[in-house]
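**Student:** Below is one structure. I have some questions about it.
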Amino acid sequence: MDTSWENTRKAIKNFANVLVCNKCGCEPINATRYTNCGHFFCKKCIGNDSVCIKCNMPVQPIEIQNDHMIQNLTSYCNSIAEIIKEQDLWSKTTNVLSTSQIPLVTLQSKSQVINKKLNIIPKKNINKLNVRGESILHVACLKNDEDYVKNLLVAGANPNTKDNAGWTPLQEVVNYGYTNICQLLLECGASPNIPGEENRTALHEAAIHNRLEEAKLLLQYSANRDAYDNYGKKPIDYCKSFKEVWNLLIAGYKCNDKSEKIVNCTLSSTLNSTLNSTLNQSFWDTQSCKFVIYAPNLKEDNNKCLYQMASKHKIKISPIIWASVTHVIVEANDQNIIPLSYDIMVALLRGKWILNSEWIHLVMDVDDILAVDLELFEISGAPIEGIPKKARENAEKQNPGLFNQCYFYFALHPKKTYTICNIQLTKDTLKKLVCQGNGSILSREPRPNDIKDTEPIIPFHIANEPSNPLYKCTYYIIYVPGNDEPRIKYNMQRIKTLPLMWLIECIEKFTLIDPSYLGLM
């Protein structure tokens, strides 16, 4: 079908103009970023400059780094431009706001700096949280301090952090109707689909509080209008009394050409997903995050190479799989598959990178470890294909854990060891697994009368499966066939009694499995 790609051309053009070199205004060749101010340029445009030409901030050699994020994004833009035959992608025609193009707000005097201590941007720990779990960016957004928000984003503040209540800065500004900051956060990589309190997204908040302009912005940045909260409600379910927001969510954005609409939706989703994940893994990681490796049961030569690589790149190796572990390195077979184990189940539930040992040898020969594409070494299956990536992406999106809002009672002997899939498990280790998946442990067996008056909750990972018999089930009694079986077995809407094998299968497939698929119930 012939199409002009009009809207697609406009979208990719705007996106490309966010990525241009801040000096020459063209496609950034060998993009290089100043980490002190966040501006980026072609490598040749920097030359021997000691001051950022964009903001006049002094630059030290140690503050100049290759920007793999920008290099990847420009490559994606060029690929799309080739498909739609866009010849004029990198012309100097627009003035789109981006992290690199946000002007720093100049403080007028030393006394103003002293009197506005909150507007001092820390050189380190910019994403440090206060007792309420709020970052400096959270606080600036709550105060509707647009200039300070700009400066924080330029300095590398992560717009996707959550406070103790699960709110991101974007959800806060949508809630209060701070439209300008909402747009700024979205343009600088804030994800519109991170679930917060009660698993509501920013679009839920826009619908609840009748924020029409914010809803428009969120949809432009691929907000999911079909996201479900704890009660199985989409954003549109909260705005039936708000005609304009209701019509917006019903109608969506209409394109003249059906095929172009599909491409534009895919393009917008892909670019935003790429931008958000790349920002998280490239720029913010260089600011605050470090590799912490856990490598169980490596071959002797690979283990030796691991410690050499760790010494070269100053990477920490953990003896056990703590919460601080970021990457798990394992030995895989020729199909890049590994068997399930307790450690791997923990890694899946926490959404860690699980890489094969070939990664160790590659990074031994590179200077910039962040330049390596981790997906090339990600384990394909553990042992089910695609599950390691699914679990990892769930964590990157800051979605709830697999067992979020689920309560477990283990009708097991506390001193017995149970063998499932050649994995030896005790009651204590099973409790730890559930907690790793964001579930809760019950100290006594739940009864229907205990929960009949509470409002039904829908677990996040089956919220779009109303036909699943676990759709409103949040209480589980886990047993092993034999002497430890409970005397009463429940098969009610909100409470189920299921064998231990079901729990392990859920982790292995990273979903709450319909028990009937296993021949249960």
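Chain labels follow the order of the structure tokens: the first chain is A, the next B, and so on; residue numbering restarts at 1 in every chain, and ligands are counted from 1 in their shown order.
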If we count only C-alpha atoms, what is near Cys305 in chain A at a cut-off of 8 Å, once residues fewer than 3 positions away on the same chain are taken out, given as a VMD selection string?

**Tutor:** chain A and resid 301 to 302 308 to 309 360 to 361

**Student:** Selected residues, N, CA, C and O atoms, written as a PDB file, in the first residue's frame, please.

**Tutor:**
ATOM      1  N   ASP A 301      39.043 -22.037  34.326  1.00  0.00           N
ATOM      2  CA  ASP A 301      39.672 -21.012  33.489  1.00  0.00           C
ATOM      3  C   ASP A 301      38.801 -19.763  33.375  1.00  0.00           C
ATOM      4  O   ASP A 301      39.305 -18.633  33.348  1.00  0.00           O
ATOM      5  N   ASN A 302      37.470 -19.970  33.313  1.00  0.00           N
ATOM      6  CA  ASN A 302      36.571 -18.816  33.249  1.00  0.00           C
ATOM      7  C   ASN A 302      36.572 -18.049  34.568  1.00  0.00           C
ATOM      8  O   ASN A 302      36.489 -16.817  34.585  1.00  0.00           O
ATOM      9  N   GLN A 308      40.494 -11.566  36.719  1.00  0.00           N
ATOM     10  CA  GLN A 308      41.377 -10.667  35.977  1.00  0.00           C
ATOM     11  C   GLN A 308      40.576  -9.511  35.380  1.00  0.00           C
ATOM     12  O   GLN A 308      40.993  -8.344  35.420  1.00  0.00           O
ATOM     13  N   MET A 309      39.418  -9.852  34.807  1.00  0.00           N
ATOM     14  CA  MET A 309      38.552  -8.831  34.229  1.00  0.00           C
ATOM     15  C   MET A 309      38.036  -7.878  35.312  1.00  0.00           C
ATOM     16  O   MET A 309      37.998  -6.658  35.124  1.00  0.00           O
ATOM     17  N   ILE A 360      32.722 -12.624  29.735  1.00  0.00           N
ATOM     18  CA  ILE A 360      33.940 -12.340  30.508  1.00  0.00           C
ATOM     19  C   ILE A 360      35.122 -12.120  29.564  1.00  0.00           C
ATOM     20  O   ILE A 360      35.878 -11.153  29.702  1.00  0.00           O
ATOM     21  N   HIS A 361      35.277 -13.011  28.601  1.00  0.00           N
ATOM     22  CA  HIS A 361      36.435 -12.950  27.703  1.00  0.00           C
ATOM     23  C   HIS A 361      36.361 -11.735  26.790  1.00  0.00           C
ATOM     24  O   HIS A 361      37.395 -11.139  26.455  1.00  0.00           O
TER      25      HIS A 361
END

**Student:** Residues at most 9 Å from His209 in chain A, counting only C-alpha atoms, excluding those fewer than 4 positions away in the same chain, as a PyMOL selection string?

**Tutor:** chain A and resi 174-177+204-205+238-239

**Student:** Extract, using only C-alpha atoms, all DNA, RNA and protein residues at most 10 Å from range 484-487 of chain A, discarding same-chain residues fewer than 2 positions from it, and format them as a ChimeraX atom specification.

**Tutor:** /A:410-413,445,477-482,489-490,497,499

**Student:** Okay, now the selection with C-alpha atoms, as a PDB file, in the first residue's frame?

**Tutor:**
ATOM      1  CA  PHE A 410       3.512 -22.872  53.395  1.00  0.00           C
ATOM      2  CA  ALA A 411       1.893 -25.998  54.835  1.00  0.00           C
ATOM      3  CA  LEU A 412       5.307 -27.662  54.991  1.00  0.00           C
ATOM      4  CA  HIS A 413       7.489 -29.208  57.669  1.00  0.00           C
ATOM      5  CA  GLU A 445      -3.198 -20.565  57.373  1.00  0.00           C
ATOM      6  CA  ILE A 477      -1.672 -22.313  50.573  1.00  0.00           C
ATOM      7  CA  ILE A 478       1.309 -24.272  49.259  1.00  0.00           C
ATOM      8  CA  TYR A 479       1.760 -27.962  50.097  1.00  0.00           C
ATOM      9  CA  VAL A 480       3.649 -31.071  49.008  1.00  0.00           C
ATOM     10  CA  PRO A 481       1.565 -34.230  48.451  1.00  0.00           C
ATOM     11  CA  GLY A 482       1.999 -36.567  51.407  1.00  0.00           C
ATOM     12  CA  LYS A 489      -8.050 -27.612  50.477  1.00  0.00           C
ATOM     13  CA  TYR A 490      -9.564 -24.429  49.078  1.00  0.00           C
ATOM     14  CA  THR A 497      -4.517 -24.569  47.831  1.00  0.00           C
ATOM     15  CA  PRO A 499       1.146 -27.942  45.254  1.00  0.00           C
TER      16      PRO A 499
END

**Student:** Determine the nearest neighbour of Thr454 in chain A from the options A:Gln335, A:Gln65, A:Ser4, A:Thr474, counting only C-alpha atoms.

**Tutor:**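 Of the candidates, the smallest distance to Thr454 in chain A is held by A:Thr474.
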
**Student:** Give me, please, the distance in Å between CA of Ser516 in chain A and CA of Ile384 in chain A, quoted to one decimal.

**Tutor:**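 Separation between CA of Ser516 in chain A and CA of Ile384 in chain A: 19.5 Å.
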
**Student:** One decimal, Å: what's the distance from CA of Thr326 in chain A over to CA of Glu396 in chain A, could you say?

**Tutor:**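 Separation between CA of Thr326 in chain A and CA of Glu396 in chain A: 11.7 Å.
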
**Student:** One number please: CA of Ser341 in chain A to CA of Asn404 in chain A, in Å, one decimal.

**Tutor:** 21.8 Å

**Student:** Which residue is closest to Lys390 in chain A? Choose from A:Asn78, A:Asn151, A:Thr511, A:Asn160 and count only C-alpha atoms.

**Tutor:** A:Thr511

**Student:** Within 8 Å of Glu198 in chain A, counting only C-alpha atoms, which residues qualify if same-chain residues fewer than 2 places away don't, as a list of chain:residue names?

**Tutor:**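 Contacts, with the query itself left out: A:Pro195, A:Gly196, A:Arg200, A:Asp229, A:Asn230.
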
**Student:** Using only C-alpha atoms for the distances, tell me which of A:Ser79, A:Asn399, A:Asn336, A:Thr35 is nearest to Gln60 in chain A.

**Tutor:**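 Once distances to Gln60 in chain A are computed over only C-alpha atoms, the minimum belongs to A:Thr35.
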
**Student:** Please extract the residues of range 348-516 of chain A with a backbone DSSP assignment of alpha helix (DSSP H) and present them as JSON, numbers by chain.

**Tutor:** {"A": [348, 349, 350, 358, 359, 360, 361, 362, 363, 387, 388, 389, 390, 391, 392, 393, 394, 395, 396, 427, 428, 429, 430, 431, 432, 433, 434, 435, 436, 448, 449, 450, 451, 500, 501, 502, 503, 504, 505, 506, 507, 508, 509]}

**Student:** DSSP on the backbone, then: every residue of range 120-352 of chain A marked strand (DSSP E), written as a ChimeraX atom specification.

**Tutor:** /A:292-294,316-317,327-330

**Student:** Given only C-alpha atoms as the basis, pick out the residue of A:Lys150, A:Lys162, A:His68, A:Lys389 nearest to Ile194 in chain A.

**Tutor:** A:Lys162

**Student:** Of the residues A:Glu213, A:Asp226, A:Asp88, A:Glu455, which is the one nearest to Glu244 in chain A, using only C-alpha atoms?

**Tutor:**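 Of A:Glu213, A:Asp226, A:Asp88, A:Glu455, the one nearest Glu244 in chain A is A:Glu213, counting only C-alpha atoms.
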
**Student:** What lies within 10 Å of Asn130 in chain A using only C-alpha atoms, ignoring chain neighbours under 5 positions off, as a PyMOL selection string?

**Tutor:** chain A and resi 135-136+139+163-164

**Student:** So, with only C-alpha atoms as the atoms that count, which of A:Ala223, A:Leu348, A:Val328, A:Leu355 lies closest to Asp373 in chain A?

**Tutor:**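 Ranking A:Ala223, A:Leu348, A:Val328, A:Leu355 by distance to Asp373 in chain A, first place goes to A:Leu355.
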